[in-house]
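Colleague: Quick one: the structure is below, and I'll ask about it shortly.
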There are 2 protein chains.
Amino acid sequence: MPNTRSTPLDANIVRRRNLSAVLDLVHRQRRLTRADLTRALGLNRSTIGDLVAVLVAHGWVDERDDAPRSGVGRPSPLVMTRNQWLVAAINPELDVIDIALVSLGGEIIDRRRIPADQPSVVDVVSIAARVIAELAALHPEARVLAAGVAVPGLVRRSDGCVRLAPRLGWRDEPLATRLTAALGIPVSAANDAHLGSRAELGFGAGQGAASVLYLNGGASGIGGGLVIDGRPVDGAGGYAGEIGHVSVDPHGELCACGAHGCLEALVRRGALTAAVGLSHPDDDELEAALLAAAASEGEDGPVRTTLREQLGWLSIALRSAVNLLNPERIVLGGHLAALWRASSNDDRAAALAEALPVTATDVRIEVAALGSQRLLIGAAELAWDRIIADPTGVPLESMVSDSAS
Amino acid sequence: MPNTRSTPLDANIVRRRNLSAVLDLVHRQRRLTRADLTRALGLNRSTIGDLVAVLVAHGWVDERDDAPRSGVGRPSPLVMTRNQWLVAAINPELDVIDIALVSLGGEIIDRRRIPADQPSVVDVVSIAARVIAELAALHPEARVLAAGVAVPGLVRRSDGCVRLAPRLGWRDEPLATRLTAALGIPVSAANDAHLGSRAELGFGAGQGAASVLYLNGGASGIGGGLVIDGRPVDGAGGYAGEIGHVSVDPHGELCACGAHGCLEALVRRGALTAAVGLSHPDDDELEAALLAAAASEGEDGPVRTTLREQLGWLSIALRSAVNLLNPERIVLGGHLAALWRASSNDDRAAALAEALPVTATDVRIEVAALGSQRLLIGAAELAWDRIIADPTGVPLESMVSDSAS
DNA sequence: ACTATTTGTTGGTTTGCACAACCTATCACG
DNA sequence: CGTGATAGGTTGTGCAAACCAACAAATAGT
């Protein structure tokens with residue numbers, strides 16, 4: 001819909017939207033009372049009762065009477081997620097394919113990390129089909145309804161085609177289409193960092209904020225995602241959020257993208273690991289090592305200098321983004337989180353002093369909260385998206401068989 | 001509403017939204033048939049008939065039967081804007097206060113440019129009150145319902161408070177509140193470039209696009225606005241779109257904002273006017289002079305070199321913004337339009353080659369179309385916003401008297 | 001003139017939210 | 001331990017608004 005102030009509402013949309021709003025709220029809160037729903041959505045008590053009854057009938061949620069018994073008045077039944085329907089989340093990486101079943105509420109029910117060596121799309125499809133069937137067999141009471149994929153690369157959002165994933169060596173691979181055919185359930189795909197922002201928005205450090213800028217530092221570069229007015233931003237082609245290629249220094253090093261001085265060409269995980277002399281630390285180890293090293297050396301020691309320099313580059317990119325978007329919150333993940341937490345308060349303040357304009361003094365900078373589950377939760381969000389958008393329109397029959405071979 | 005997938009719909013919202021959608025479409029198209037509305041909105045013929053009847057009854061639109069008589073079938077009545085209700089647009093500047101009455105459909109009905117010398121808020125309020133009354137008196141058949149102000153500075157969107165307008169020497173001035181009190185009608189205020197993007201989106205070079213990045217070069221710097229998925233982006237505080245302070249070269253000149261190498265510190269109107277030896281040209285004169293000078297000199301002549309250099313800086317900011325937002329279209333206004341149009345195709349291509357990532361090769365760059373009416377139309381959009389949001393909820397009595405003293 | 005086509009018009013239908021009245025379960029206090 | 005206050009679920013009715021089907025009107029083409 002090209003620039004409309006408001007979309008028209010036909011008769012059926014009302015029910016769908018309200019069911020969707022209720023289910024969405026349960027999804028995000030996991031458990032709340034019917035009275036909470038009434039307050040949060042502003043609908044009538046009887047309407048909420050009706051809507052919840054529909055969702056219960058469809059098996060999306062459960063209602064229980066063992067109340068929190070807090071306060072006077074008749075206790076309100078607890079509405080909670082129910083693990084009868086699940087979605088699958090898939091995250092192919094350079095050396096591992098990470099697969100999980102995720103419940104409504106964004107909880108990882110079961111997870112397998114399958115070693116792989118720069119898997120092809122065919123590999124991913126066959127492994128995903130097998131593993132999802134195996135996982136489903138462990139949960140015979142549940143059914144897998146849809147799947148989402150987090151891809152370390154550029155993904156065309158409309159059809160889930162991977163335009164370019166240098167880390168995996170993929171180019172123009174119709175990943176989502178292939179997976180949909182193989183799994184027999186709808187599959188969507190998106191950029192991993194973009195999905196990281198979705199996960200943090202819903203269940204992590206972005207909770208409660210309406211506009212969030214998320215930056216994730218990974219081994220292959222810096223990705224990002226943004227949420228504006230509560231809606232994830234895809235961009236025209238689905239490539240929004242590539243904050244790793246925001247220009248930081250036009251005279252800086254050549255980036256893999258062909259331009260000079262991109263954020264990810266200057267703020268590198270390698271610079272941090274080298275400073276503390278580690279070869280392949282995970283993010284937690286890196287952060288611990290940075291903190292220890294910074295504590296044991298002087299103000300101008302080599303680690304602190306590296307931190308200060310890297311933080312300086314980061315702050316320039318943040319400045320551009322903040323001036324452009326005026327977000328409510330910034331969430332840092334991966335090695336950017338380590339960089340932020342290992343830096344001294346003084347250095348942070350100095351970096352931000354120039355980075356944040358007077359208008360943005362109240363922007364909150366947070367560190368990502370979801371750890372290694374982030375991408376899977378984000379991928380699951382992609383699958384939940386369509387379900388939550390139309391809870392009664394989901395064909396509950398089209399699902400992966402739970403009888404694995 | 002912090003991050004909701006979909007807002008609940010109570011019973012009354014449906015009608016309001018549909019009326020709003022119809023009025024919005026008429027606002028943007030100015031004249032279309034009822035059949036067009038039916039097709040565009042997807043609602044039932046009878047529903048559209050009903051909605052239009054309500055809008056006619058409230059005086060927002062007219063229906064006429066002198067059809068375009070094109071094609072078989074019963075001709076559909078033409079629904080068109082009606083100038084019974086107007087809004088006022090106000091744009092205080094350094095040396096002039098620009099005031100207009102604007103109709104539904106974004107047409108400027110009448111306009112006055114009142115000379116002023118760095119007016120204070122009090123000046124603006126008294127002049128606006130007087131001039132709007134005068135203009136209203138010239139159109140006794142019409143009523144002025146609301147007003148919008150385009151301010152060259154930072155404006156808090158929630159209450160229209162001008163946080164900082166260096167050009168006018170204002171700081172923390174409750175402009176909208178004062179004007180509301182003085183005029184007796186609701187007044188909203190926003191940043192001028194932000195409103196420029198609104199105007200171009202609705203009626204200019206951004207028409208039809210869903211996501212637009214707008215950059216405007218003015219005497220005081222570079223401002224901008226952005227529209228994502230058809231919605232103008234305000235940001236958490238209302239300060240989004242300050243693309244003039246995107247970092248272009250961290251080693252570059254000091255910007256008035258206190259940071260180094262902001263876009264507006266490097267791409268300056270003064271650099272262009274100096275290159276062609278003019279002192280105070282308007283944008284058209286500047287563009288003509290640049291074109292003439294570039295045509296009359298060699299590839300590496302001074303004007304062309306300046307153009308190339310300025311375009312290079314601009315392209316770095318565009319690169320950051322495009323990677324972050326992946327917009328569908330970029331609209332350049334003010335001296336940035338002159339810079340763009342006066343540059344050679346080769347220079348443009350060279351600048352964009354590095355600026356646009358592979359993912360954004362299909363982004364369209366356009367030149368702003370509305371000229372000097374842009375800010376007034378944008379300011380009027382601000383006023384129309386609330387009216388279109390709830391066409392039957394507008395108190396038609398609360399209006400400026402048409403009997404000027 | 002007659003037919004096909006498109007669209008407005010009208011009256012009846014359905015859907016779904018709101019509302020009011022009523023019922024129920026808890027807490028607090030005497 | 002009983003009674004009142006309070007919060008909230010339950011039920012039936014009302015109403016608003018979109019939809020639908022049938023019909024009428026106005027045009028273009030044959």
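Convention: chains lettered A, B, ... in structure tokens order; per-chain residue numbering from 1; ligands numbered from 1 as shown.
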Could you write out as an MDAnalysis selection string the residues of chain A within 6 Å of chain B, counting only C-alpha atoms?

Modeller: chainID A and resid 2:4 6 8 18 21 208:210 230 235:236 239:243 246:247 249 259 320 323:328 354

Colleague: Keeping C-alpha atoms for every residue in the selection just given, could you write it to a file as a PDB file, in the first residue's frame?

Modeller:
```pdb
ATOM      1  CA  PRO A   2       1.826   3.085  -1.157  1.00  0.00           C
ATOM      2  CA  ASN A   3       1.626   5.791   1.490  1.00  0.00           C
ATOM      3  CA  THR A   4      -1.787   5.571   3.062  1.00  0.00           C
ATOM      4  CA  SER A   6      -4.975   4.463   7.239  1.00  0.00           C
ATOM      5  CA  PRO A   8      -9.737   0.540   5.236  1.00  0.00           C
ATOM      6  CA  ASN A  18      -8.671  -8.471  17.806  1.00  0.00           C
ATOM      7  CA  ALA A  21      -4.002  -8.574  19.308  1.00  0.00           C
ATOM      8  CA  GLY A 208       8.618  -2.119  26.031  1.00  0.00           C
ATOM      9  CA  ALA A 209      10.320   0.230  23.616  1.00  0.00           C
ATOM     10  CA  ALA A 210       8.572   1.454  20.493  1.00  0.00           C
ATOM     11  CA  GLY A 230       6.630  -1.010  17.074  1.00  0.00           C
ATOM     12  CA  GLY A 235      12.999  -1.550   3.670  1.00  0.00           C
ATOM     13  CA  ALA A 236      11.917  -1.559   0.060  1.00  0.00           C
ATOM     14  CA  TYR A 239      17.579  -5.105   3.171  1.00  0.00           C
ATOM     15  CA  ALA A 240      17.144  -2.416   5.784  1.00  0.00           C
ATOM     16  CA  GLY A 241      19.322  -2.461   8.876  1.00  0.00           C
ATOM     17  CA  GLU A 242      22.726  -2.964   7.296  1.00  0.00           C
ATOM     18  CA  ILE A 243      24.306  -0.712   9.838  1.00  0.00           C
ATOM     19  CA  VAL A 246      27.253   2.913   7.569  1.00  0.00           C
ATOM     20  CA  SER A 247      30.182   5.118   6.709  1.00  0.00           C
ATOM     21  CA  ASP A 249      35.607   7.167   7.887  1.00  0.00           C
ATOM     22  CA  ALA A 259      33.388   0.999  -0.049  1.00  0.00           C
ATOM     23  CA  SER A 320      24.617   8.972  12.164  1.00  0.00           C
ATOM     24  CA  ASN A 323      20.425  11.717  14.031  1.00  0.00           C
ATOM     25  CA  LEU A 324      18.557   9.936  11.319  1.00  0.00           C
ATOM     26  CA  LEU A 325      16.169   7.886  13.420  1.00  0.00           C
ATOM     27  CA  ASN A 326      16.017   9.371  16.915  1.00  0.00           C
ATOM     28  CA  PRO A 327      15.389   5.947  18.419  1.00  0.00           C
ATOM     29  CA  GLU A 328      14.200   5.338  21.926  1.00  0.00           C
ATOM     30  CA  GLU A 354      29.960  13.693  20.496  1.00  0.00           C
TER      31      GLU A 354
END
```

Colleague: Using only C-alpha atoms (C1' of nucleotides), determine which residues lie at most 7 Å from DT26 (chain C), disregarding the query and same-chain residues fewer than 5 positions distant; provide the list as a PDB file with C-alpha atoms, in the first residue's frame.

Modeller:
```pdb
ATOM      1  CA  VAL A  72      -9.716  -8.357  46.453  1.00  0.00           C
ATOM      2  CA  GLY A  73     -12.361  -9.255  43.956  1.00  0.00           C
ATOM      3  CA  ARG A  74     -13.113 -12.270  41.933  1.00  0.00           C
ATOM      4  CA  PRO A  75      -9.903 -13.791  40.622  1.00  0.00           C
TER       5      PRO A  75
END
```

Colleague: At a cut-off of 6 Å, list the chain D residues touching chain B, using only C-alpha atoms (C1' of nucleotides), as a list in words.

Modeller: DA26, DT27 and DA28 of chain D

Colleague: Do a least-squares overlay of chain A on chain B, C-alpha atoms all paired in order, then report the RMSD in Å.

Modeller: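 RMSD over all C-alpha atoms: 0.1 Å.
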
Colleague: Can you list, as an mmCIF file with N, CA and C atoms, in the first residue's frame, every protein, DNA or RNA residue that comes within 7 Å of Gly334 (chain B) when you count only C-alpha atoms (C1' of nucleotides), leaving out same-chain residues fewer than 4 positions away?

Modeller:
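Produced file selection-v2.cif, reproduced below:
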```
data_model
loop_
_atom_site.group_PDB
_atom_site.id
_atom_site.type_symbol
_atom_site.label_atom_id
_atom_site.label_comp_id
_atom_site.auth_asym_id
_atom_site.auth_seq_id
_atom_site.Cartn_x
_atom_site.Cartn_y
_atom_site.Cartn_z
ATOM 1 N N ASN B 216 16.853 17.972 2.252
ATOM 2 C CA ASN B 216 16.679 19.320 1.766
ATOM 3 C C ASN B 216 17.859 20.199 2.159
ATOM 4 N N GLY B 217 18.417 20.866 1.171
ATOM 5 C CA GLY B 217 19.499 21.785 1.453
ATOM 6 C C GLY B 217 18.980 23.201 1.546
ATOM 7 N N GLY B 218 19.127 23.807 2.689
ATOM 8 C CA GLY B 218 18.680 25.186 2.870
ATOM 9 C C GLY B 218 19.854 26.055 3.268
ATOM 10 N N ASP B 283 17.173 29.032 -5.412
ATOM 11 C CA ASP B 283 17.623 27.712 -5.847
ATOM 12 C C ASP B 283 17.622 27.574 -7.366
ATOM 13 N N ALA B 338 19.844 21.306 -6.856
ATOM 14 C CA ALA B 338 20.684 22.010 -7.821
ATOM 15 C C ALA B 338 21.994 21.254 -8.039
#
```

Colleague: Nearest to chain B: which of C:DA1, C:DC17, C:DC27, C:DC22 is it, counting only C-alpha atoms (C1' of nucleotides)?

Modeller: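 Between C:DA1, C:DC17, C:DC27, C:DC22, the residue approaching chain B most closely is C:DC17.
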
Colleague: So what do you get for C1' of DG4 (chain D) versus C1' of DA20 (chain C), distance-wise?

Modeller: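 So the two atoms, C1' of DG4 (chain D) and C1' of DA20 (chain C), lie 22.4 Å apart.
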
Colleague: Taking 5 positions as the minimum chain separation for residues in the same chain, which residues sit within 12 Å of DT13 (chain D) when counting only C-alpha atoms (C1' of nucleotides)? Answer as a list in words.

Modeller: DA18, DC19, DA20 and DA21 of chain C

Colleague: Keeping only C-alpha atoms (C1' of nucleotides), write the selected residues as an mmCIF file, in the first residue's frame.

Modeller:
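Output file result_36.cif is given in full below:
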```cif
data_model
loop_
_atom_site.group_PDB
_atom_site.id
_atom_site.type_symbol
_atom_site.label_atom_id
_atom_site.label_comp_id
_atom_site.auth_asym_id
_atom_site.auth_seq_id
_atom_site.Cartn_x
_atom_site.Cartn_y
_atom_site.Cartn_z
ATOM 1 C "C1'" DA C 18 -20.763 -2.634 23.807
ATOM 2 C "C1'" DC C 19 -23.652 -2.391 27.668
ATOM 3 C "C1'" DA C 20 -26.340 -3.418 31.606
ATOM 4 C "C1'" DA C 21 -27.811 -6.485 34.819
#
```

Colleague: Please identify the alpha helix (DSSP H) residues within region 19-229 of chain A (assignment by DSSP from backbone atoms) and present them as number ranges by chain.

Modeller: A: 19-29, 34-41, 45-57, 121-138, 175-183, 192-203

Colleague: Using only C-alpha atoms (C1' of nucleotides), I'd like every residue of chain C that has an atom within 7 Å of chain B; please write them out as a list in words.

Modeller: DT5, DT6, DT7 and DC17 of chain C

Colleague: Using DSSP on the backbone, list every residue of region 162-319 of chain B that comes out as strand (DSSP E), and give them as a CSV table (one decimal) with C-alpha atoms, in the first residue's frame.

Modeller:
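File written: states_38.csv
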```csv
chain,number,residue,atom,x,y,z
B,162,VAL,CA,10.4,24.5,19.6
B,163,ARG,CA,13.4,23.1,21.4
B,164,LEU,CA,16.0,25.0,19.3
B,165,ALA,CA,15.9,27.1,16.2
B,170,TRP,CA,14.6,30.5,19.6
B,171,ARG,CA,15.1,28.1,22.4
B,172,ASP,CA,12.3,26.1,24.2
B,173,GLU,CA,9.5,28.2,22.9
B,187,VAL,CA,-2.1,24.2,15.9
B,188,SER,CA,0.6,21.7,15.4
B,189,ALA,CA,4.3,22.3,14.7
B,190,ALA,CA,7.1,20.3,13.3
B,191,ASN,CA,10.5,20.7,11.7
B,212,VAL,CA,11.1,7.8,1.0
B,213,LEU,CA,14.2,9.5,2.3
B,214,TYR,CA,14.1,13.2,1.8
B,215,LEU,CA,17.0,15.6,2.0
B,216,ASN,CA,16.7,19.3,1.8
B,217,GLY,CA,19.5,21.8,1.5
B,218,GLY,CA,18.7,25.2,2.9
B,221,GLY,CA,22.0,23.6,6.7
B,222,ILE,CA,20.6,20.3,5.6
B,223,GLY,CA,17.4,18.8,6.9
B,224,GLY,CA,15.5,15.8,6.1
B,225,GLY,CA,12.5,13.6,6.7
B,226,LEU,CA,11.7,10.0,6.3
B,227,VAL,CA,8.7,8.0,5.5
B,228,ILE,CA,8.7,4.3,6.1
B,231,ARG,CA,4.1,6.5,7.6
B,232,PRO,CA,6.2,9.6,8.5
```

Colleague: For the atom pair CA of Asp159 (chain B) and CA of Ala176 (chain B), what is the interatomic distance in Å to one decimal place?

Modeller: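 Rounded to one decimal, the two atoms are 6.9 Å apart.
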
Colleague: Contacts of region 293-301 of chain B at 9 Å or less, counting only C-alpha atoms (C1' of nucleotides), minus same-chain residues fewer than 4 places along, as a list of chain:residue names?

Modeller: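 Listing them by chain and then by number gives B:Ala275, B:Val276, B:Ala288, B:Ala289, B:Thr305, B:Thr306, B:Leu307, B:Ala342, B:Ser343, B:Ser344.
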
Colleague: Could you jot down the CA of Ala150 (chain A) to CA of Arg268 (chain A) separation for me, Å, one decimal place?

Modeller: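 Going from CA of Ala150 (chain A) over to CA of Arg268 (chain A) covers 21.9 Å.
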